[in-house]
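Quick look at protein10.pdb (PDB, C-alpha atoms, pLDDT in the B column):
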ATOM      1  CA  MET A   1     -40.323 -24.799  27.882  1.00 74.00           C
ATOM      2  CA  ASN A   2     -42.183 -25.792  24.768  1.00 91.00           C
ATOM      3  CA  HIS A   3     -45.535 -27.377  25.688  1.00 96.00           C
ATOM      4  CA  GLU A   4     -48.390 -28.248  23.375  1.00 98.00           C
ATOM      5  CA  ILE A   5     -51.850 -27.511  24.733  1.00 98.00           C
ATOM      6  CA  ILE A   6     -54.536 -28.990  22.505  1.00 98.00           C
ATOM      7  CA  LEU A   7     -57.837 -27.307  23.283  1.00 98.00           C
ATOM      8  CA  GLU A   8     -61.140 -28.533  21.910  1.00 98.00           C
ATOM      9  CA  SER A   9     -64.619 -27.290  22.685  1.00 97.00           C
ATOM     10  CA  ASP A  10     -67.957 -28.975  22.108  1.00 97.00           C
ATOM     11  CA  LEU A  11     -69.853 -25.809  23.074  1.00 96.00           C
ATOM     12  CA  GLU A  12     -72.152 -24.169  20.574  1.00 94.00           C
ATOM     13  CA  GLU A  13     -70.737 -20.709  21.253  1.00 94.00           C
ATOM     14  CA  PRO A  14     -67.045 -19.771  20.895  1.00 94.00           C
ATOM     15  CA  PHE A  15     -64.927 -20.291  24.012  1.00 96.00           C
ATOM     16  CA  PRO A  16     -63.246 -16.935  24.844  1.00 96.00           C
ATOM     17  CA  TYR A  17     -60.640 -18.155  27.363  1.00 97.00           C
ATOM     18  CA  ALA A  18     -58.326 -20.404  25.306  1.00 97.00           C
ATOM     19  CA  ASP A  19     -55.285 -18.140  25.811  1.00 97.00           C
ATOM     20  CA  LEU A  20     -55.916 -17.987  29.566  1.00 97.00           C
ATOM     21  CA  LEU A  21     -56.021 -21.780  29.861  1.00 98.00           C
ATOM     22  CA  GLU A  22     -52.818 -22.195  27.870  1.00 98.00           C
ATOM     23  CA  THR A  23     -51.071 -19.592  30.018  1.00 97.00           C
ATOM     24  CA  CYS A  24     -52.257 -21.199  33.268  1.00 98.00           C
ATOM     25  CA  ILE A  25     -51.357 -24.734  32.198  1.00 98.00           C
ATOM     26  CA  CYS A  26     -47.867 -23.733  31.066  1.00 98.00           C
ATOM     27  CA  ALA A  27     -47.305 -21.648  34.220  1.00 97.00           C
ATOM     28  CA  ALA A  28     -48.371 -24.535  36.452  1.00 98.00           C
ATOM     29  CA  LEU A  29     -45.942 -26.869  34.678  1.00 98.00           C
ATOM     30  CA  GLU A  30     -43.156 -24.301  35.041  1.00 97.00           C
ATOM     31  CA  GLN A  31     -43.935 -23.610  38.710  1.00 96.00           C
ATOM     32  CA  GLU A  32     -43.818 -27.349  39.368  1.00 96.00           C
ATOM     33  CA  GLY A  33     -40.348 -27.580  37.836  1.00 96.00           C
ATOM     34  CA  VAL A  34     -41.294 -29.625  34.764  1.00 97.00           C
ATOM     35  CA  THR A  35     -38.260 -29.510  32.465  1.00 95.00           C
ATOM     36  CA  VAL A  36     -39.593 -31.640  29.632  1.00 97.00           C
ATOM     37  CA  GLY A  37     -42.052 -30.502  26.982  1.00 97.00           C
ATOM     38  CA  CYS A  38     -45.545 -31.802  27.670  1.00 97.00           C
ATOM     39  CA  GLU A  39     -48.699 -32.330  25.695  1.00 98.00           C
ATOM     40  CA  VAL A  40     -51.972 -31.660  27.502  1.00 98.00           C
ATOM     41  CA  ASP A  41     -55.344 -32.238  25.863  1.00 98.00           C
ATOM     42  CA  VAL A  42     -58.193 -30.029  27.108  1.00 98.00           C
ATOM     43  CA  LEU A  43     -61.895 -30.427  26.365  1.00 98.00           C
ATOM     44  CA  ILE A  44     -64.257 -27.574  27.185  1.00 98.00           C
ATOM     45  CA  THR A  45     -67.810 -28.788  27.593  1.00 98.00           C
ATOM     46  CA  ASP A  46     -70.996 -28.060  29.540  1.00 98.00           C
ATOM     47  CA  ASP A  47     -72.547 -29.764  32.575  1.00 98.00           C
ATOM     48  CA  ALA A  48     -74.296 -32.399  30.447  1.00 97.00           C
ATOM     49  CA  GLY A  49     -71.052 -33.243  28.638  1.00 98.00           C
ATOM     50  CA  ILE A  50     -68.934 -33.543  31.775  1.00 98.00           C
ATOM     51  CA  HIS A  51     -71.737 -35.492  33.500  1.00 98.00           C
ATOM     52  CA  GLU A  52     -71.635 -38.095  30.721  1.00 98.00           C
ATOM     53  CA  ILE A  53     -67.824 -38.361  30.864  1.00 98.00           C
ATOM     54  CA  ASN A  54     -67.887 -38.576  34.670  1.00 97.00           C
ATOM     55  CA  ARG A  55     -70.446 -41.395  34.509  1.00 97.00           C
ATOM     56  CA  GLU A  56     -68.652 -43.308  31.748  1.00 97.00           C
ATOM     57  CA  GLN A  57     -65.077 -42.926  33.028  1.00 96.00           C
ATOM     58  CA  ARG A  58     -65.497 -42.798  36.801  1.00 95.00           C
ATOM     59  CA  GLY A  59     -68.924 -44.325  37.459  1.00 96.00           C
ATOM     60  CA  VAL A  60     -70.031 -41.065  39.118  1.00 96.00           C
ATOM     61  CA  ASP A  61     -73.513 -40.068  37.965  1.00 97.00           C
ATOM     62  CA  ARG A  62     -73.324 -36.280  38.320  1.00 97.00           C
ATOM     63  CA  PRO A  63     -71.685 -33.285  36.685  1.00 97.00           C
ATOM     64  CA  THR A  64     -68.553 -31.748  38.162  1.00 97.00           C
ATOM     65  CA  ASP A  65     -66.322 -28.771  37.390  1.00 98.00           C
ATOM     66  CA  VAL A  66     -63.147 -30.464  36.142  1.00 98.00           C
ATOM     67  CA  LEU A  67     -61.926 -33.972  35.425  1.00 98.00           C
ATOM     68  CA  SER A  68     -58.280 -34.993  35.086  1.00 97.00           C
ATOM     69  CA  PHE A  69     -57.006 -38.106  33.378  1.00 98.00           C
ATOM     70  CA  PRO A  70     -53.247 -38.516  33.926  1.00 97.00           C
ATOM     71  CA  MET A  71     -51.283 -40.731  31.575  1.00 96.00           C
ATOM     72  CA  PHE A  72     -48.749 -41.628  34.260  1.00 95.00           C
ATOM     73  CA  GLN A  73     -48.710 -42.133  38.007  1.00 94.00           C
ATOM     74  CA  LEU A  74     -46.395 -39.372  39.131  1.00 94.00           C
ATOM     75  CA  GLU A  75     -45.395 -38.392  42.645  1.00 93.00           C
ATOM     76  CA  PRO A  76     -46.466 -34.917  43.805  1.00 93.00           C
ATOM     77  CA  GLY A  77     -43.532 -32.525  43.843  1.00 92.00           C
ATOM     78  CA  VAL A  78     -41.369 -34.850  41.736  1.00 95.00           C
ATOM     79  CA  PRO A  79     -41.761 -33.521  38.198  1.00 95.00           C
ATOM     80  CA  PRO A  80     -40.901 -35.545  35.129  1.00 94.00           C
ATOM     81  CA  THR A  81     -37.526 -34.687  33.606  1.00 92.00           C
ATOM     82  CA  PRO A  82     -35.996 -35.365  30.189  1.00 91.00           C
ATOM     83  CA  GLU A  83     -34.194 -38.316  31.791  1.00 92.00           C
ATOM     84  CA  THR A  84     -37.290 -39.866  33.404  1.00 91.00           C
ATOM     85  CA  ALA A  85     -40.123 -38.924  31.035  1.00 94.00           C
ATOM     86  CA  GLU A  86     -41.669 -41.376  28.604  1.00 93.00           C
ATOM     87  CA  THR A  87     -41.866 -38.970  25.676  1.00 95.00           C
ATOM     88  CA  ASP A  88     -43.646 -39.674  22.428  1.00 95.00           C
ATOM     89  CA  PRO A  89     -40.914 -40.492  19.864  1.00 94.00           C
ATOM     90  CA  ALA A  90     -42.865 -38.706  17.129  1.00 95.00           C
ATOM     91  CA  THR A  91     -43.227 -35.400  18.995  1.00 95.00           C
ATOM     92  CA  GLY A  92     -40.576 -35.510  21.707  1.00 94.00           C
ATOM     93  CA  LEU A  93     -43.298 -34.441  24.148  1.00 96.00           C
ATOM     94  CA  LEU A  94     -44.531 -36.151  27.295  1.00 97.00           C
ATOM     95  CA  PRO A  95     -48.254 -36.927  26.845  1.00 98.00           C
ATOM     96  CA  LEU A  96     -49.140 -35.772  30.359  1.00 98.00           C
ATOM     97  CA  GLY A  97     -52.868 -36.424  30.145  1.00 98.00           C
ATOM     98  CA  ASP A  98     -56.290 -34.973  29.526  1.00 98.00           C
ATOM     99  CA  MET A  99     -58.485 -32.470  31.311  1.00 98.00           C
ATOM    100  CA  VAL A 100     -62.170 -31.763  30.875  1.00 98.00           C
ATOM    101  CA  ILE A 101     -63.648 -28.491  32.125  1.00 98.00           C
ATOM    102  CA  SER A 102     -67.319 -27.598  32.339  1.00 98.00           C
ATOM    103  CA  TYR A 103     -67.525 -23.969  31.225  1.00 98.00           C
ATOM    104  CA  GLN A 104     -71.106 -23.883  32.482  1.00 97.00           C
ATOM    105  CA  ARG A 105     -70.014 -25.041  35.954  1.00 98.00           C
ATOM    106  CA  ALA A 106     -67.072 -22.592  35.971  1.00 98.00           C
ATOM    107  CA  GLN A 107     -69.479 -19.730  35.259  1.00 97.00           C
ATOM    108  CA  SER A 108     -71.876 -20.734  38.053  1.00 97.00           C
ATOM    109  CA  GLN A 109     -69.051 -21.340  40.558  1.00 97.00           C
ATOM    110  CA  ALA A 110     -67.510 -17.964  39.771  1.00 96.00           C
ATOM    111  CA  GLU A 111     -70.820 -16.335  40.640  1.00 96.00           C
ATOM    112  CA  GLU A 112     -71.237 -18.513  43.739  1.00 96.00           C
ATOM    113  CA  TYR A 113     -67.716 -17.730  45.023  1.00 94.00           C
ATOM    114  CA  GLY A 114     -67.916 -14.048  44.104  1.00 94.00           C
ATOM    115  CA  HIS A 115     -65.016 -13.903  41.684  1.00 94.00           C
ATOM    116  CA  SER A 116     -64.508 -13.730  37.933  1.00 95.00           C
ATOM    117  CA  VAL A 117     -64.995 -16.525  35.424  1.00 97.00           C
ATOM    118  CA  ARG A 118     -61.361 -15.872  34.461  1.00 96.00           C
ATOM    119  CA  ARG A 119     -60.240 -16.667  38.031  1.00 96.00           C
ATOM    120  CA  GLU A 120     -62.379 -19.798  38.190  1.00 97.00           C
ATOM    121  CA  LEU A 121     -61.206 -21.184  34.843  1.00 98.00           C
ATOM    122  CA  GLY A 122     -57.572 -20.436  35.681  1.00 97.00           C
ATOM    123  CA  TYR A 123     -57.945 -22.189  39.005  1.00 97.00           C
ATOM    124  CA  LEU A 124     -59.586 -25.248  37.432  1.00 98.00           C
ATOM    125  CA  ALA A 125     -56.782 -25.520  34.858  1.00 98.00           C
ATOM    126  CA  VAL A 126     -54.081 -25.268  37.543  1.00 98.00           C
ATOM    127  CA  HIS A 127     -55.972 -27.750  39.736  1.00 96.00           C
ATOM    128  CA  SER A 128     -56.138 -30.220  36.863  1.00 97.00           C
ATOM    129  CA  VAL A 129     -52.441 -29.851  35.980  1.00 98.00           C
ATOM    130  CA  LEU A 130     -51.569 -30.685  39.577  1.00 96.00           C
ATOM    131  CA  HIS A 131     -53.693 -33.843  39.318  1.00 96.00           C
ATOM    132  CA  LEU A 132     -51.850 -34.743  36.099  1.00 97.00           C
ATOM    133  CA  LEU A 133     -48.605 -34.323  38.060  1.00 97.00           C
ATOM    134  CA  GLY A 134     -49.720 -36.717  40.805  1.00 94.00           C
ATOM    135  CA  TYR A 135     -51.288 -34.412  43.384  1.00 92.00           C
ATOM    136  CA  ASP A 136     -54.490 -35.505  45.093  1.00 87.00           C
ATOM    137  CA  HIS A 137     -56.916 -34.096  47.636  1.00 73.00           C
ATOM    138  CA  MET A 138     -59.050 -37.097  48.476  1.00 68.00           C
ATOM    139  CA  ASP A 139     -57.738 -37.494  52.038  1.00 62.00           C
ATOM    140  CA  GLY A 140     -60.439 -35.373  53.659  1.00 60.00           C
ATOM    141  CA  ASP A 141     -61.004 -31.705  54.290  1.00 64.00           C
ATOM    142  CA  ASP A 142     -57.938 -31.289  56.487  1.00 71.00           C
ATOM    143  CA  GLY A 143     -55.694 -34.039  55.151  1.00 72.00           C
ATOM    144  CA  PRO A 144     -52.020 -33.365  54.376  1.00 80.00           C
ATOM    145  CA  MET A 145     -52.397 -34.168  50.659  1.00 80.00           C
ATOM    146  CA  LYS A 146     -55.283 -31.720  50.315  1.00 82.00           C
ATOM    147  CA  ARG A 147     -53.351 -29.003  52.199  1.00 86.00           C
ATOM    148  CA  GLN A 148     -50.299 -29.586  49.974  1.00 89.00           C
ATOM    149  CA  MET A 149     -52.371 -29.376  46.793  1.00 91.00           C
ATOM    150  CA  ARG A 150     -54.276 -26.262  47.920  1.00 90.00           C
ATOM    151  CA  ALA A 151     -51.018 -24.508  48.857  1.00 91.00           C
ATOM    152  CA  ARG A 152     -49.535 -25.250  45.418  1.00 95.00           C
ATOM    153  CA  GLU A 153     -52.707 -24.041  43.687  1.00 94.00           C
ATOM    154  CA  GLU A 154     -52.602 -20.730  45.543  1.00 94.00           C
ATOM    155  CA  ASP A 155     -48.864 -20.289  44.949  1.00 95.00           C
ATOM    156  CA  ILE A 156     -49.310 -20.825  41.207  1.00 96.00           C
ATOM    157  CA  MET A 157     -52.383 -18.592  40.962  1.00 96.00           C
ATOM    158  CA  ASN A 158     -50.552 -15.815  42.845  1.00 95.00           C
ATOM    159  CA  ALA A 159     -47.530 -16.192  40.552  1.00 95.00           C
ATOM    160  CA  LEU A 160     -49.917 -15.802  37.598  1.00 95.00           C
ATOM    161  CA  GLY A 161     -51.283 -12.607  39.130  1.00 93.00           C
ATOM    162  CA  ILE A 162     -54.729 -14.183  39.586  1.00 93.00           C
ATOM    163  CA  PRO A 163     -55.096 -14.291  43.385  1.00 82.00           C
ATOM    164  CA  ARG A 164     -58.339 -14.855  45.256  1.00 77.00           C
ATOM    165  CA  GLU A 165     -60.557 -11.841  44.662  1.00 70.00           C
TER     166      GLU A 165
END

For the structure just supplied, provide its representation as structure tokens.
Amino acid sequence: MNHEIILESDLEEPFPYADLLETCICAALEQEGVTVGCEVDVLITDDAGIHEINREQRGVDRPTDVLSFPMFQLEPGVPPTPETAETDPATGLLPLGDMVISYQRAQSQAEEYGHSVRRELGYLAVHSVLHLLGYDHMDGDDGPMKRQMRAREEDIMNALGIPRE
């Protein structure tokens, strides 16, 4: 499938994981059965940058690791298809949505969880794609939506060859 991943960074230093994010985003879309080309916009920032976006867009006055802004309200496990997708006439792609990742937070969480920055960034990208596809985890620590989303995340990460370390 031909997807367009538009990656921007507002970091002062070069971001070394652009290829990883593109691979993880495309793999997540494939694993979810998306059969229409999608456009996903990704911003790599730091804790201060994501804090500002979180405050402005969600009214939450703190930094976080990843934010997802879906363009459509999709149902988890029901991927958009060429027949159902509202594609952009100019590109033929479905503008799936935007994700914002704090590279600074990914680095600190990788250390905290005892795995690589590569694993953490891949996980955050997959997590965000699932949000763009309608998945949610806000039903509590043991809620069925959270269990469904976590299972899909692990399945996709394992398929990518990036399991828990």

Exercise. Give me the residues within 9 Å of A:Phe15 as a list of chain:residue names, counting only C-alpha atoms and dropping any in the same chain fewer than 5 places off.
Key: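 Once the adjacent positions are removed, what remains is A:Ser9, A:Ile44, A:Tyr103.
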
C-alpha atoms of the current selection, written as a PDB file, in the frame of the given file:
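The file below, selection.pdb, is the result:
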ATOM      1  CA  SER A   9     -64.619 -27.290  22.685  1.00 97.00           C
ATOM      2  CA  ILE A  44     -64.257 -27.574  27.185  1.00 98.00           C
ATOM      3  CA  TYR A 103     -67.525 -23.969  31.225  1.00 98.00           C
TER       4      TYR A 103
END

Mind telling me what the PyMOL selection byres ((chain A and resi 38) around 8) catches here, as a PDB file with C-alpha atoms, in the coordinates of the input?
ATOM      1  CA  ASN A   2     -42.183 -25.792  24.768  1.00 91.00           C
ATOM      2  CA  HIS A   3     -45.535 -27.377  25.688  1.00 96.00           C
ATOM      3  CA  GLU A   4     -48.390 -28.248  23.375  1.00 98.00           C
ATOM      4  CA  VAL A  36     -39.593 -31.640  29.632  1.00 97.00           C
ATOM      5  CA  GLY A  37     -42.052 -30.502  26.982  1.00 97.00           C
ATOM      6  CA  GLU A  39     -48.699 -32.330  25.695  1.00 98.00           C
ATOM      7  CA  VAL A  40     -51.972 -31.660  27.502  1.00 98.00           C
ATOM      8  CA  LEU A  93     -43.298 -34.441  24.148  1.00 96.00           C
ATOM      9  CA  LEU A  94     -44.531 -36.151  27.295  1.00 97.00           C
ATOM     10  CA  PRO A  95     -48.254 -36.927  26.845  1.00 98.00           C
ATOM     11  CA  LEU A  96     -49.140 -35.772  30.359  1.00 98.00           C
TER      12      LEU A  96
END

Quiz item: With distances taken over only C-alpha atoms, which of A:Pro76, A:Val42, A:Val66, A:Gly143 is nearest to A:Glu22?
Solution: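 Using only C-alpha atoms, the shortest distance to A:Glu22 belongs to A:Val42.
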
Self-check item: Atomic separation - atom CA of A:Glu56 relative to atom CA of A:Tyr113, Å
Solution: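 Interatomic distance here is 28.8 Å.
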
Self-check item: Residue members of the PyMOL selection byres ((chain A and resi 107) around 10) in the file shown, as a list in words
Solution: Asp65, Ser102, Tyr103, Gln104, Arg105, Ala106, Ser108, Gln109, Ala110, Glu111, Glu112, His115, Ser116, Val117, Arg118, Glu120 and Leu121 of chain A

Output of the above residues as a PDB file, in the coordinates of the input, restricted to C-alpha atoms:
ATOM      1  CA  ASP A  65     -66.322 -28.771  37.390  1.00 98.00           C
ATOM      2  CA  SER A 102     -67.319 -27.598  32.339  1.00 98.00           C
ATOM      3  CA  TYR A 103     -67.525 -23.969  31.225  1.00 98.00           C
ATOM      4  CA  GLN A 104     -71.106 -23.883  32.482  1.00 97.00           C
ATOM      5  CA  ARG A 105     -70.014 -25.041  35.954  1.00 98.00           C
ATOM      6  CA  ALA A 106     -67.072 -22.592  35.971  1.00 98.00           C
ATOM      7  CA  SER A 108     -71.876 -20.734  38.053  1.00 97.00           C
ATOM      8  CA  GLN A 109     -69.051 -21.340  40.558  1.00 97.00           C
ATOM      9  CA  ALA A 110     -67.510 -17.964  39.771  1.00 96.00           C
ATOM     10  CA  GLU A 111     -70.820 -16.335  40.640  1.00 96.00           C
ATOM     11  CA  GLU A 112     -71.237 -18.513  43.739  1.00 96.00           C
ATOM     12  CA  HIS A 115     -65.016 -13.903  41.684  1.00 94.00           C
ATOM     13  CA  SER A 116     -64.508 -13.730  37.933  1.00 95.00           C
ATOM     14  CA  VAL A 117     -64.995 -16.525  35.424  1.00 97.00           C
ATOM     15  CA  ARG A 118     -61.361 -15.872  34.461  1.00 96.00           C
ATOM     16  CA  GLU A 120     -62.379 -19.798  38.190  1.00 97.00           C
ATOM     17  CA  LEU A 121     -61.206 -21.184  34.843  1.00 98.00           C
TER      18      LEU A 121
END

Could you check which residues have any atom within 8 Å of (-44.9, -32.1, 42.3), counting only C-alpha atoms with coordinates taken straight from the file, and then list them as an mmCIF file with C-alpha atoms, in the frame of the given file?
data_model
loop_
_atom_site.group_PDB
_atom_site.id
_atom_site.type_symbol
_atom_site.label_atom_id
_atom_site.label_comp_id
_atom_site.auth_asym_id
_atom_site.auth_seq_id
_atom_site.Cartn_x
_atom_site.Cartn_y
_atom_site.Cartn_z
ATOM 1 C CA GLU A 32 -43.818 -27.349 39.368
ATOM 2 C CA GLY A 33 -40.348 -27.580 37.836
ATOM 3 C CA GLU A 75 -45.395 -38.392 42.645
ATOM 4 C CA PRO A 76 -46.466 -34.917 43.805
ATOM 5 C CA GLY A 77 -43.532 -32.525 43.843
ATOM 6 C CA VAL A 78 -41.369 -34.850 41.736
ATOM 7 C CA PRO A 79 -41.761 -33.521 38.198
ATOM 8 C CA LEU A 130 -51.569 -30.685 39.577
ATOM 9 C CA LEU A 133 -48.605 -34.323 38.060
ATOM 10 C CA GLY A 134 -49.720 -36.717 40.805
ATOM 11 C CA TYR A 135 -51.288 -34.412 43.384
#

Practice problem: Step by step, work through what the PyMOL selection byres ((chain A and resi 163) around 12) selects in the shown file, and finish by giving those residues as a ChimeraX atom specification. | Solution: /A:115-116,118-120,122-123,153-162,164-165

Quiz item: If you measure from atom CA of A:Ser68 to atom CA of A:Leu43, what distance in Å do you get, rounded to one decimal?
Solution: 10.5 Å

Exercise. Tell me, as a list of chain:residue names, which residues lie within 8 Å of A:Leu67, counting only C-alpha atoms; anything in the same chain fewer than 6 positions away does not count.
Key: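 Counting only the stated atoms, we get A:Ile50, A:Asn54, A:Met99, A:Val100, A:Ile101, A:Ser128.
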
Self-check item: Distance of atom CA of A:Glu12 from atom CA of A:Met71, expressed in Å to one decimal place
Solution: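 Going from atom CA of A:Met71 over to atom CA of A:Glu12, I get 28.8 Å.
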
Practice problem: Between A:His131, A:Val34, A:Thr91, A:Asp47, single out the one closest to A:Phe72, counting all atoms listed in the file. | Solution: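 For A:Phe72, the nearest of the given residues is A:His131.
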